[in-house]
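Trainee: The following file, final_8.cif, comprises mmCIF, C-alpha atoms:
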data_data
loop_
_atom_site.group_PDB
_atom_site.id
_atom_site.type_symbol
_atom_site.label_atom_id
_atom_site.label_comp_id
_atom_site.auth_asym_id
_atom_site.auth_seq_id
_atom_site.Cartn_x
_atom_site.Cartn_y
_atom_site.Cartn_z
ATOM 1 C CA MET A 266 -1.801 4.622 -2.738
ATOM 2 C CA PRO A 267 0.070 6.795 -0.322
ATOM 3 C CA ASN A 268 2.751 9.084 -1.713
ATOM 4 C CA LEU A 269 5.539 10.424 0.485
ATOM 5 C CA VAL A 270 7.429 13.297 -1.144
ATOM 6 C CA LEU A 271 10.475 14.565 0.731
ATOM 7 C CA GLU A 272 11.310 18.084 -0.468
ATOM 8 C CA TYR A 273 14.627 19.508 0.699
ATOM 9 C CA SER A 274 16.969 22.399 0.056
ATOM 10 C CA ASN A 275 20.090 21.312 -1.783
ATOM 11 C CA SER A 276 22.309 22.337 1.144
ATOM 12 C CA VAL A 277 20.794 19.499 3.213
ATOM 13 C CA ASP A 278 22.893 17.020 1.202
ATOM 14 C CA GLU A 279 25.999 18.286 3.010
ATOM 15 C CA ARG A 280 24.784 17.093 6.441
ATOM 16 C CA VAL A 281 22.066 14.503 5.926
ATOM 17 C CA ASN A 282 22.114 11.117 4.210
ATOM 18 C CA VAL A 283 19.013 11.869 2.138
ATOM 19 C CA GLN A 284 18.724 8.373 0.637
ATOM 20 C CA GLY A 285 19.032 6.775 4.073
ATOM 21 C CA LEU A 286 16.478 9.210 5.482
ATOM 22 C CA LEU A 287 14.057 8.414 2.651
ATOM 23 C CA GLU A 288 14.479 4.678 3.246
ATOM 24 C CA ASP A 289 13.767 5.068 6.978
ATOM 25 C CA LEU A 290 10.699 7.244 6.344
ATOM 26 C CA HIS A 291 9.464 4.731 3.776
ATOM 27 C CA GLN A 292 9.876 1.972 6.367
ATOM 28 C CA VAL A 293 7.764 3.948 8.869
ATOM 29 C CA VAL A 294 4.953 4.044 6.311
ATOM 30 C CA LEU A 295 5.326 0.352 5.493
ATOM 31 C CA ASN A 296 5.211 -0.568 9.190
ATOM 32 C CA CYS A 297 2.342 1.695 10.283
ATOM 33 C CA GLY A 298 -0.295 -0.834 9.224
ATOM 34 C CA LEU A 299 -2.492 1.685 7.403
ATOM 35 C CA PHE A 300 -1.596 0.853 3.803
ATOM 36 C CA ASP A 301 -1.233 -1.969 1.323
ATOM 37 C CA VAL A 302 2.570 -2.349 1.178
ATOM 38 C CA PRO A 303 2.904 -2.565 -2.644
ATOM 39 C CA SER A 304 1.031 0.742 -3.014
ATOM 40 C CA VAL A 305 3.430 2.845 -0.890
ATOM 41 C CA LYS A 306 5.567 5.240 -2.944
ATOM 42 C CA SER A 307 8.319 7.505 -1.605
ATOM 43 C CA ARG A 308 10.594 9.919 -3.421
ATOM 44 C CA THR A 309 12.691 13.031 -2.962
ATOM 45 C CA LEU A 310 12.626 16.404 -4.659
ATOM 46 C CA ARG A 311 15.772 18.483 -4.274
ATOM 47 C CA CYS A 312 15.093 22.235 -4.375
ATOM 48 C CA HIS A 313 17.746 24.467 -5.850
ATOM 49 C CA ASN A 314 15.932 27.719 -5.137
ATOM 50 C CA TRP A 315 14.039 28.587 -1.953
ATOM 51 C CA LEU A 316 13.282 31.433 0.433
ATOM 52 C CA ILE A 317 12.438 31.200 4.134
ATOM 53 C CA GLY A 318 11.099 34.338 5.813
ATOM 54 C CA ASP A 319 13.677 37.107 5.970
ATOM 55 C CA LYS A 320 16.511 34.548 6.130
ATOM 56 C CA GLU A 321 15.943 33.811 2.434
ATOM 57 C CA ASP A 322 18.206 30.903 1.411
ATOM 58 C CA ASP A 323 20.621 31.296 4.337
ATOM 59 C CA VAL A 324 18.825 28.445 6.115
ATOM 60 C CA ASP A 325 17.718 25.036 4.928
ATOM 61 C CA PHE A 326 14.592 22.908 5.144
ATOM 62 C CA ILE A 327 13.044 19.492 4.777
ATOM 63 C CA HIS A 328 9.317 19.226 4.136
ATOM 64 C CA ILE A 329 7.328 16.018 3.796
ATOM 65 C CA ASN A 330 4.155 16.079 1.747
ATOM 66 C CA PHE A 331 2.235 12.891 2.399
ATOM 67 C CA GLU A 332 -0.888 12.254 0.341
ATOM 68 C CA LEU A 333 -3.263 9.376 0.956
ATOM 69 C CA LEU A 334 -6.732 8.378 -0.065
ATOM 70 C CA ALA A 335 -9.380 9.479 2.416
ATOM 71 C CA GLY A 336 -10.543 6.988 5.002
ATOM 72 C CA ARG A 337 -8.026 7.121 7.867
ATOM 73 C CA THR A 338 -8.978 8.685 11.168
ATOM 74 C CA GLU A 339 -7.504 11.977 12.338
ATOM 75 C CA GLU A 340 -5.696 10.115 15.125
ATOM 76 C CA GLN A 341 -4.154 7.642 12.656
ATOM 77 C CA LYS A 342 -2.896 10.538 10.534
ATOM 78 C CA ARG A 343 -1.575 12.425 13.598
ATOM 79 C CA GLU A 344 0.295 9.330 14.765
ATOM 80 C CA LEU A 345 1.827 8.816 11.329
ATOM 81 C CA SER A 346 2.837 12.478 11.281
ATOM 82 C CA ARG A 347 4.463 12.099 14.716
ATOM 83 C CA GLN A 348 6.390 9.009 13.601
ATOM 84 C CA LEU A 349 7.645 10.707 10.443
ATOM 85 C CA MET A 350 8.692 13.796 12.412
ATOM 86 C CA ALA A 351 10.540 11.635 14.952
ATOM 87 C CA VAL A 352 12.673 10.185 12.146
ATOM 88 C CA LEU A 353 13.284 13.669 10.731
ATOM 89 C CA GLN A 354 14.353 15.032 14.117
ATOM 90 C CA GLU A 355 16.642 12.073 14.744
ATOM 91 C CA GLN A 356 18.427 12.179 11.391
ATOM 92 C CA ALA A 357 18.154 15.841 10.366
ATOM 93 C CA HIS A 358 18.342 17.734 13.670
ATOM 94 C CA SER A 359 20.818 20.193 12.154
ATOM 95 C CA VAL A 360 18.336 21.322 9.483
ATOM 96 C CA TYR A 361 16.695 24.675 10.241
ATOM 97 C CA SER A 362 13.088 23.816 9.336
ATOM 98 C CA LEU A 363 11.461 20.375 9.501
ATOM 99 C CA THR A 364 7.797 20.042 8.550
ATOM 100 C CA VAL A 365 5.286 17.291 7.766
ATOM 101 C CA ASN A 366 1.906 17.705 6.068
ATOM 102 C CA ILE A 367 -0.516 14.816 5.657
ATOM 103 C CA ARG A 368 -3.333 15.413 3.207
ATOM 104 C CA ASP A 369 -6.332 13.372 2.102
ATOM 105 C CA MET A 370 -6.823 12.980 -1.620
ATOM 106 C CA ASP A 371 -10.271 13.232 -3.186
ATOM 107 C CA THR A 372 -11.311 9.623 -3.864
ATOM 108 C CA THR A 373 -13.886 10.707 -6.454
ATOM 109 C CA CYS A 374 -11.228 12.347 -8.623
ATOM 110 C CA PHE A 375 -8.261 10.044 -8.092
ATOM 111 C CA GLN A 376 -7.383 7.683 -10.924
ATOM 112 C CA LYS A 377 -4.761 4.953 -11.064
ATOM 113 C CA VAL A 378 -3.481 2.679 -13.818
ATOM 114 C CA ILE A 379 -0.911 -0.057 -13.269
ATOM 115 C CA ASN A 380 0.469 -1.772 -16.363
#
Write the structure described by the file as structure tokens, please.
Mentor:
Amino acid sequence: MPNLVLEYSNSVDERVNVQGLLEDLHQVVLNCGLFDVPSVKSRTLRCHNWLIGDKEDDVDFIHINFELLAGRTEEQKRELSRQLMAVLQEQAHSVYSLTVNIRDMDTTCFQKVIN
């Protein structure tokens, strides 16, 4: 049930193939061996308004929020984070801020329905 959400400032579109980047990040998750392949979901959210420090919107960003059900070790999550960042740095090196956050979801509160 992992969810990869790639948030990015709209100016990133000018220099980065966002769809290609998303596909490569998705492939990292599929290949990492931690998840059931059909459950992996990846998507982008384009931000039209943002502020970064005192540079405001003069600089751009890409941020990955990655949520997964609890149960992976800290080392497994760190390695996944490193692999995702490596793809970001390779394909989006011209973007001012690149960040990745991996977060465990609360398994007691998570609900899922597939129709």
Trainee: Between CA of Gln356 (chain A) and CA of Leu333 (chain A), what distance in Å does the model show, to one decimal?
Mentor: 24.2 Å
Trainee: Rounded to one decimal, what separation in Å do you get between CA of Asn268 (chain A) and CA of Val324 (chain A)?
Mentor: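 For CA of Asn268 (chain A) relative to CA of Val324 (chain A), the distance reads 26.4 Å.
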Trainee: On this file, the PyMOL selection byres ((chain A and resi 366) around 9) gives some set of residues; write that set as a compact mmCIF listing (two decimals) with C-alpha atoms, in the coordinates of the input.
Mentor:
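Once everything was written out, this is out-v2.txt:
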# COMPACT_ATOMS: atom_id res chain seq x y z
CA HIS A 328 9.32 19.23 4.14
CA ILE A 329 7.33 16.02 3.80
CA ASN A 330 4.16 16.08 1.75
CA PHE A 331 2.24 12.89 2.40
CA GLU A 332 -0.89 12.25 0.34
CA SER A 346 2.84 12.48 11.28
CA THR A 364 7.80 20.04 8.55
CA VAL A 365 5.29 17.29 7.77
CA ILE A 367 -0.52 14.82 5.66
CA ARG A 368 -3.33 15.41 3.21
Trainee: If the PyMOL selection byres ((chain A and resi 298-303) around 9) is run on the structure shown, which residues does it catch, given as a list in words?
Mentor: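 So the PyMOL selection byres ((chain A and resi 298-303) around 9), applied here, picks out Met266, Pro267, Val294, Leu295, Asn296, Cys297, Ser304, Val305, Lys306, Arg337 and Gln341 of chain A.
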Trainee: Could you please determine the separation between CA of Ser307 (chain A) and CA of Thr372 (chain A) in Å, to one decimal place?
Mentor: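 Atom-to-atom, CA of Ser307 (chain A) and CA of Thr372 (chain A) are spaced 19.9 Å apart.
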Trainee: Could you tell me, as a ChimeraX atom specification, exactly which residues end up selected when the PyMOL selection byres ((chain A and resi 314) around 12) is applied to this structure?
Mentor: /A:272-276,310-313,315-317,321-326
Trainee: Which one is closest to Ala357 (chain A): A:His291, A:Glu344, A:Ile327, A:Val270? Count only C-alpha atoms.
Mentor: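 The answer is A:Ile327, which sits nearest to Ala357 (chain A).
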Trainee: Taking 4 positions as the minimum chain separation for residues in the same chain, which residues sit within 8 Å of Gln354 (chain A) when counting only C-alpha atoms? Answer as number ranges by chain.
Mentor: A: 350, 358, 363
Trainee: Determine the nearest neighbour of Arg308 (chain A) from the options A:Glu355, A:Gln292, A:Leu269, A:Tyr361, counting only C-alpha atoms.
Mentor: A:Leu269
Trainee: With distances taken over all atoms listed in the file, which of A:Ser362, A:Gln284, A:Thr338, A:Gln348 is nearest to Lys320 (chain A)?
Mentor: A:Ser362
Trainee: Of the candidates A:Thr309, A:Val360, A:Leu353, A:Ala335, which shows the shortest atom-to-atom distance to Arg280 (chain A), using only C-alpha atoms?
Mentor: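 Distance minimum relative to Arg280 (chain A) lands on A:Val360.
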Trainee: What's the 8 Å shell around Asp289 (chain A), counting only C-alpha atoms, without same-chain residues fewer than 4 positions away, as a ChimeraX atom specification?
Mentor: /A:285,293,352
Trainee: Can you work out which one of A:Leu290, A:Asn282, A:Met370, A:Ala351 has the shortest atom-to-atom distance to Leu334 (chain A), counting only C-alpha atoms?
Mentor: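 Looking at the shortest contact to Leu334 (chain A), the residue is A:Met370.
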